[in-house]
Amino acid sequence: MNTRIILSVVVIALGAISAMFPSKVNNALVPTEEEIQWELRSGASFINVDELAESLINKDPSYFLIDIRDVKAYEQSAIPNSINIPFDSLFSENWIGYLDQNANRNILISTDELRAREVFELARRKGFKNNYILAGGFKAWENTIINPPHPSVTAPETELILYQKRLASSQFFTGKTAVFSNSTTKKPVLPIKRKKKKAVQGGCS
Amino acid sequence: MGPIIPVNEISTEINFLIAFLIGLGFGFALEQAGFSSSRKLAGMFYGYDTTVLKVFFTAAITAMLGLLFLNYFEMIDMSIVYVNEYYINSAIIGGIIMGAGFIIGGFCPGTSVCAAAIGKKDAWWFLLGSFLGIVLFGETYSLWEGFYLKNYLGNLKLSTYLNLSDGVFAFLVIVAAVLMFWVGELAEKKFARNDITKEL
């Protein structure tokens, strides 16, 4: 048989097979459930409040803060520069573009981190990247940065330094005056006076 | 089965290198298929040589079937394959200009580069004309902008527009292509001319 006729038949047959394929959409960017859980367990998808405070103070433009609490809670108090997109409307057509983007690192803020985790998982299942969870949520922000707890007396020095840093951050975000505790400042070490040597006494002298 | 190349992001430099290598391969294939001859290309319009139709349809069908099968076996993600954006006005006007240029100059943009590479003087002039056209268009873009961007339909696929599955649409294209192939064969016999290239 003529090669051209054979080729024509083969091509039409392949086309007929492809016509019978059910329409199918693959999405290579969507991670598997295990991958999402691994991302959560590894901690790579979290940012802690200290890191966030530092980046806000340094005016890091790559962070974009999305507060997913309800409007009332947001209006009462919120992290500076955050925008409020309540959880219910976050996946609506108007707002989903904020989650599905490649320009910024989105930080998801909820009261504690549970809702933010939920949003993160839903977004990952859709293949969206660049979303991070604020570890501990807004509560952690308030209890750590805005009202930092005083470290215990026996706390190591690193904790004291962190406390000072948090106090400074608190001052930056709230405008209140920082009061440094004296206990954190080192006392000058005074030289120990040695007793003067006396000439050997006693004995037969 | 995973993607063929399990790399999500390729750096711009590597991207250019890959594009360069594909471009070389494409140019080589065009040259080998005889597309650097303007007589062969213009033959499409007069019916004595339908190689252009056959080669481009074969390429389209191969790529189309390849994508469909790879998609079916989950080796390619069609959702991130770039689909050209469709501006109706621009497509129509651009098509007319391209067709006119093709029949007047005897080349299409790709084949002109191919022919220029093997030293054909008419292709050099053709390329010069193309570049002048590009510069002219670029410089006067503000005049055309409104018209150019009008009737924008986005990354539209014909199959979506016709509400057919990609597979069924591919089958229809293949049937049309095979019919065209045979019509081309008949045309070549009917409008046959002596092969001048061999005489020269």
# chains A, B, ... in the order shown; residues from 1 in each chain; ligands from 1

call {"tool": "residues_around", "arguments": {"residues": "Gly167 (chain B)", "least_positions_apart": "4", "cutoff": "8 Å", "atoms": "only C-alpha atoms", "output": "list in words"}}
result
Gly15, Ser18, Ala19, Met20, Phe21 and Ser23 of chain A; Leu68 and Phe171 of chain B

call {"tool": "write_last_selection", "arguments": {"atoms": "N, CA and C atoms", "output": "mmCIF file, in the first residue's frame"}}
result
data_model
loop_
_atom_site.group_PDB
_atom_site.id
_atom_site.type_symbol
_atom_site.label_atom_id
_atom_site.label_comp_id
_atom_site.auth_asym_id
_atom_site.auth_seq_id
_atom_site.Cartn_x
_atom_site.Cartn_y
_atom_site.Cartn_z
ATOM 1 N N GLY A 15 -5.989 10.331 15.895
ATOM 2 C CA GLY A 15 -6.932 11.421 16.180
ATOM 3 C C GLY A 15 -8.215 10.875 16.773
ATOM 4 N N SER A 18 -7.602 10.017 20.335
ATOM 5 C CA SER A 18 -7.551 11.213 21.193
ATOM 6 C C SER A 18 -8.945 11.800 21.384
ATOM 7 N N ALA A 19 -9.827 11.639 20.373
ATOM 8 C CA ALA A 19 -11.191 12.163 20.507
ATOM 9 C C ALA A 19 -11.945 11.416 21.600
ATOM 10 N N MET A 20 -11.517 10.189 21.865
ATOM 11 C CA MET A 20 -12.220 9.400 22.893
ATOM 12 C C MET A 20 -11.679 9.640 24.294
ATOM 13 N N PHE A 21 -10.566 10.395 24.390
ATOM 14 C CA PHE A 21 -10.022 10.683 25.727
ATOM 15 C C PHE A 21 -11.025 11.517 26.517
ATOM 16 N N SER A 23 -11.912 14.488 28.859
ATOM 17 C CA SER A 23 -11.119 15.712 29.079
ATOM 18 C C SER A 23 -10.582 15.682 30.504
ATOM 19 N N LEU B 68 -1.782 16.024 23.472
ATOM 20 C CA LEU B 68 -2.988 15.338 23.964
ATOM 21 C C LEU B 68 -2.636 14.034 24.673
ATOM 22 N N PHE B 171 -9.292 15.724 16.476
ATOM 23 C CA PHE B 171 -9.708 14.757 15.453
ATOM 24 C C PHE B 171 -10.222 15.479 14.206
#

call {"tool": "interface_residues", "arguments": {"of": "chain A", "to": "chain B", "cutoff": "10 Å", "atoms": "only C-alpha atoms", "output": "VMD selection string"}}
result
chain A and resid 4 to 5 7 to 9 11 to 29

call {"tool": "write_last_selection", "arguments": {"atoms": "N, CA and C atoms", "output": "compact mmCIF listing (two decimals), in the first residue's frame"}}
result
# COMPACT_ATOMS: atom_id res chain seq x y z
N ARG A 4 1.73 7.03 1.78
CA ARG A 4 0.89 8.19 2.12
C ARG A 4 -0.47 7.75 2.66
N ILE A 5 -1.00 6.72 2.04
CA ILE A 5 -2.32 6.23 2.50
C ILE A 5 -2.17 5.65 3.91
N LEU A 7 0.07 6.42 6.19
CA LEU A 7 0.25 7.53 7.14
C LEU A 7 -1.07 8.25 7.43
N SER A 8 -1.85 8.47 6.37
CA SER A 8 -3.15 9.14 6.56
C SER A 8 -4.02 8.34 7.51
N VAL A 9 -4.05 7.02 7.30
CA VAL A 9 -4.90 6.17 8.14
C VAL A 9 -4.41 6.19 9.60
N VAL A 11 -2.65 8.51 11.17
CA VAL A 11 -2.91 9.81 11.80
C VAL A 11 -4.39 9.95 12.17
N ILE A 12 -5.26 9.53 11.26
CA ILE A 12 -6.70 9.63 11.56
C ILE A 12 -7.04 8.71 12.75
N ALA A 13 -6.43 7.53 12.78
CA ALA A 13 -6.69 6.60 13.89
C ALA A 13 -6.25 7.21 15.22
N LEU A 14 -5.06 7.82 15.22
CA LEU A 14 -4.57 8.46 16.46
C LEU A 14 -5.52 9.59 16.89
N GLY A 15 -5.99 10.33 15.90
CA GLY A 15 -6.93 11.42 16.18
C GLY A 15 -8.22 10.88 16.77
N ALA A 16 -8.68 9.74 16.22
CA ALA A 16 -9.92 9.13 16.73
C ALA A 16 -9.72 8.69 18.18
N ILE A 17 -8.53 8.14 18.48
CA ILE A 17 -8.25 7.72 19.87
C ILE A 17 -8.27 8.93 20.78
N SER A 18 -7.60 10.02 20.33
CA SER A 18 -7.55 11.21 21.19
C SER A 18 -8.95 11.80 21.38
N ALA A 19 -9.83 11.64 20.37
CA ALA A 19 -11.19 12.16 20.51
C ALA A 19 -11.94 11.42 21.60
N MET A 20 -11.52 10.19 21.86
CA MET A 20 -12.22 9.40 22.89
C MET A 20 -11.68 9.64 24.29
N PHE A 21 -10.57 10.40 24.39
CA PHE A 21 -10.02 10.68 25.73
C PHE A 21 -11.03 11.52 26.52
N PRO A 22 -11.22 11.17 27.76
CA PRO A 22 -12.04 12.07 28.58
C PRO A 22 -11.23 13.34 28.84
N SER A 23 -11.91 14.49 28.86
CA SER A 23 -11.12 15.71 29.08
C SER A 23 -10.58 15.68 30.50
N LYS A 24 -9.34 16.00 30.60
CA LYS A 24 -8.64 15.81 31.85
C LYS A 24 -7.73 17.01 32.07
N VAL A 25 -7.71 17.52 33.28
CA VAL A 25 -6.83 18.65 33.56
C VAL A 25 -5.82 18.23 34.61
N ASN A 26 -4.57 18.22 34.21
CA ASN A 26 -3.51 17.94 35.18
C ASN A 26 -3.08 19.26 35.77
N ASN A 27 -2.62 19.22 36.97
CA ASN A 27 -2.03 20.44 37.52
C ASN A 27 -0.78 20.06 38.29
N ALA A 28 0.36 20.22 37.61
CA ALA A 28 1.63 19.81 38.19
C ALA A 28 2.00 20.66 39.39
N LEU A 29 1.40 21.86 39.48
CA LEU A 29 1.77 22.76 40.56
C LEU A 29 1.06 22.42 41.87

call {"tool": "closest_residue", "arguments": {"among": "B:Leu186, B:Leu149, B:Gly101, B:Ser90", "to": "Leu127 (chain B)", "atoms": "only C-alpha atoms"}}
result
B:Gly101

call {"tool": "residues_around", "arguments": {"residues": "Ser170 (chain A)", "least_positions_apart": "4", "cutoff": "10 Å", "atoms": "only C-alpha atoms", "output": "PyMOL selection string"}}
result
chain A and resi 53+141-142+144-148+164-166+174-178

call {"tool": "write_last_selection", "arguments": {"atoms": "N, CA, C and O atoms", "output": "short mmCIF file (atom, residue, chain, number, x, y, z; two decimals), in the first residue's frame"}}
result
data_model
loop_
_atom_site.label_atom_id
_atom_site.label_comp_id
_atom_site.auth_asym_id
_atom_site.auth_seq_id
_atom_site.Cartn_x
_atom_site.Cartn_y
_atom_site.Cartn_z
N ALA A 53 8.06 41.20 63.02
CA ALA A 53 8.28 42.54 63.58
C ALA A 53 9.53 43.16 62.95
O ALA A 53 9.51 44.34 62.55
N TRP A 141 1.19 37.75 68.44
CA TRP A 141 1.67 39.11 68.15
C TRP A 141 1.42 40.02 69.36
O TRP A 141 2.31 40.73 69.81
N GLU A 142 0.20 39.92 69.88
CA GLU A 142 -0.15 40.77 71.03
C GLU A 142 0.64 40.38 72.27
O GLU A 142 1.13 41.24 72.99
N THR A 144 3.45 38.70 72.50
CA THR A 144 4.91 38.63 72.40
C THR A 144 5.51 39.97 72.01
O THR A 144 6.51 40.40 72.58
N ILE A 145 4.91 40.63 71.03
CA ILE A 145 5.52 41.86 70.53
C ILE A 145 4.92 43.09 71.22
O ILE A 145 5.65 43.97 71.70
N ILE A 146 3.60 43.14 71.30
CA ILE A 146 2.98 44.33 71.88
C ILE A 146 3.15 44.35 73.41
O ILE A 146 3.51 45.36 74.00
N ASN A 147 2.89 43.21 74.05
CA ASN A 147 3.09 43.12 75.51
C ASN A 147 4.06 42.00 75.83
O ASN A 147 3.65 40.92 76.24
N PRO A 148 5.32 42.21 75.60
CA PRO A 148 6.25 41.10 75.79
C PRO A 148 6.36 40.70 77.26
O PRO A 148 6.42 41.56 78.14
N GLN A 164 14.48 42.72 75.31
CA GLN A 164 14.76 44.14 75.01
C GLN A 164 14.35 44.50 73.59
O GLN A 164 13.78 45.55 73.32
N LYS A 165 14.65 43.56 72.71
CA LYS A 165 14.31 43.76 71.30
C LYS A 165 12.79 43.87 71.13
O LYS A 165 12.28 44.73 70.41
N ARG A 166 12.08 43.00 71.84
CA ARG A 166 10.61 43.01 71.75
C ARG A 166 10.05 44.29 72.34
O ARG A 166 9.08 44.85 71.81
N THR A 174 3.60 50.72 69.00
CA THR A 174 2.54 51.35 69.79
C THR A 174 2.87 52.79 70.17
O THR A 174 1.99 53.54 70.56
N GLY A 175 4.13 53.13 70.10
CA GLY A 175 4.53 54.49 70.45
C GLY A 175 4.73 54.67 71.95
O GLY A 175 5.00 55.77 72.41
N LYS A 176 4.58 53.58 72.72
CA LYS A 176 4.76 53.75 74.17
C LYS A 176 6.25 53.76 74.52
O LYS A 176 7.09 53.28 73.76
N THR A 177 6.54 54.33 75.70
CA THR A 177 7.93 54.47 76.10
C THR A 177 8.45 53.14 76.63
O THR A 177 7.78 52.46 77.39
N ALA A 178 9.63 52.82 76.17
CA ALA A 178 10.20 51.57 76.63
C ALA A 178 10.86 51.79 77.98
O ALA A 178 11.53 52.79 78.19
#

call {"tool": "decode", "arguments": {"residues": "region 35-80 of chain A", "atoms": "C-alpha atoms", "output": "compact mmCIF listing (two decimals), in the first residue's frame"}}
result
# COMPACT_ATOMS: atom_id res chain seq x y z
CA GLU A 35 3.57 17.26 50.56
CA ILE A 36 1.25 19.87 52.09
CA GLN A 37 1.42 18.17 55.48
CA TRP A 38 5.19 17.93 55.20
CA GLU A 39 5.41 21.65 54.42
CA LEU A 40 3.38 22.34 57.56
CA ARG A 41 5.38 19.96 59.76
CA SER A 42 8.75 21.21 58.54
CA GLY A 43 7.88 24.73 59.72
CA ALA A 44 8.99 26.23 56.41
CA SER A 45 5.52 27.69 55.89
CA PHE A 46 5.54 29.58 59.15
CA ILE A 47 6.96 32.91 60.10
CA ASN A 48 7.29 33.84 63.76
CA VAL A 49 6.27 37.16 65.25
CA ASP A 50 9.85 38.29 65.90
CA GLU A 51 10.80 37.82 62.25
CA LEU A 52 7.64 39.64 61.20
CA ALA A 53 8.28 42.54 63.58
CA GLU A 54 11.82 42.89 62.30
CA SER A 55 10.74 42.86 58.65
CA LEU A 56 8.03 45.44 59.36
CA ILE A 57 10.50 47.70 61.15
CA ASN A 58 12.94 47.30 58.24
CA LYS A 59 10.07 48.08 55.84
CA ASP A 60 10.66 44.87 53.89
CA PRO A 61 8.51 45.32 50.77
CA SER A 62 8.27 41.61 50.00
CA TYR A 63 5.86 40.92 52.85
CA PHE A 64 2.14 41.32 52.36
CA LEU A 65 0.02 40.89 55.45
CA ILE A 66 -3.48 39.44 55.09
CA ASP A 67 -5.58 39.51 58.23
CA ILE A 68 -8.27 36.86 57.86
CA ARG A 69 -10.10 37.63 61.13
CA ASP A 70 -13.54 39.20 60.95
CA VAL A 71 -13.91 42.93 60.35
CA LYS A 72 -14.80 43.66 64.01
CA ALA A 73 -11.67 42.05 65.40
CA TYR A 74 -9.56 43.73 62.74
CA GLU A 75 -10.98 47.15 63.54
CA GLN A 76 -10.28 46.69 67.25
CA SER A 77 -6.61 46.08 66.72
CA ALA A 78 -4.46 44.86 63.89
CA ILE A 79 -0.86 44.51 62.82
CA PRO A 80 0.25 47.69 61.01
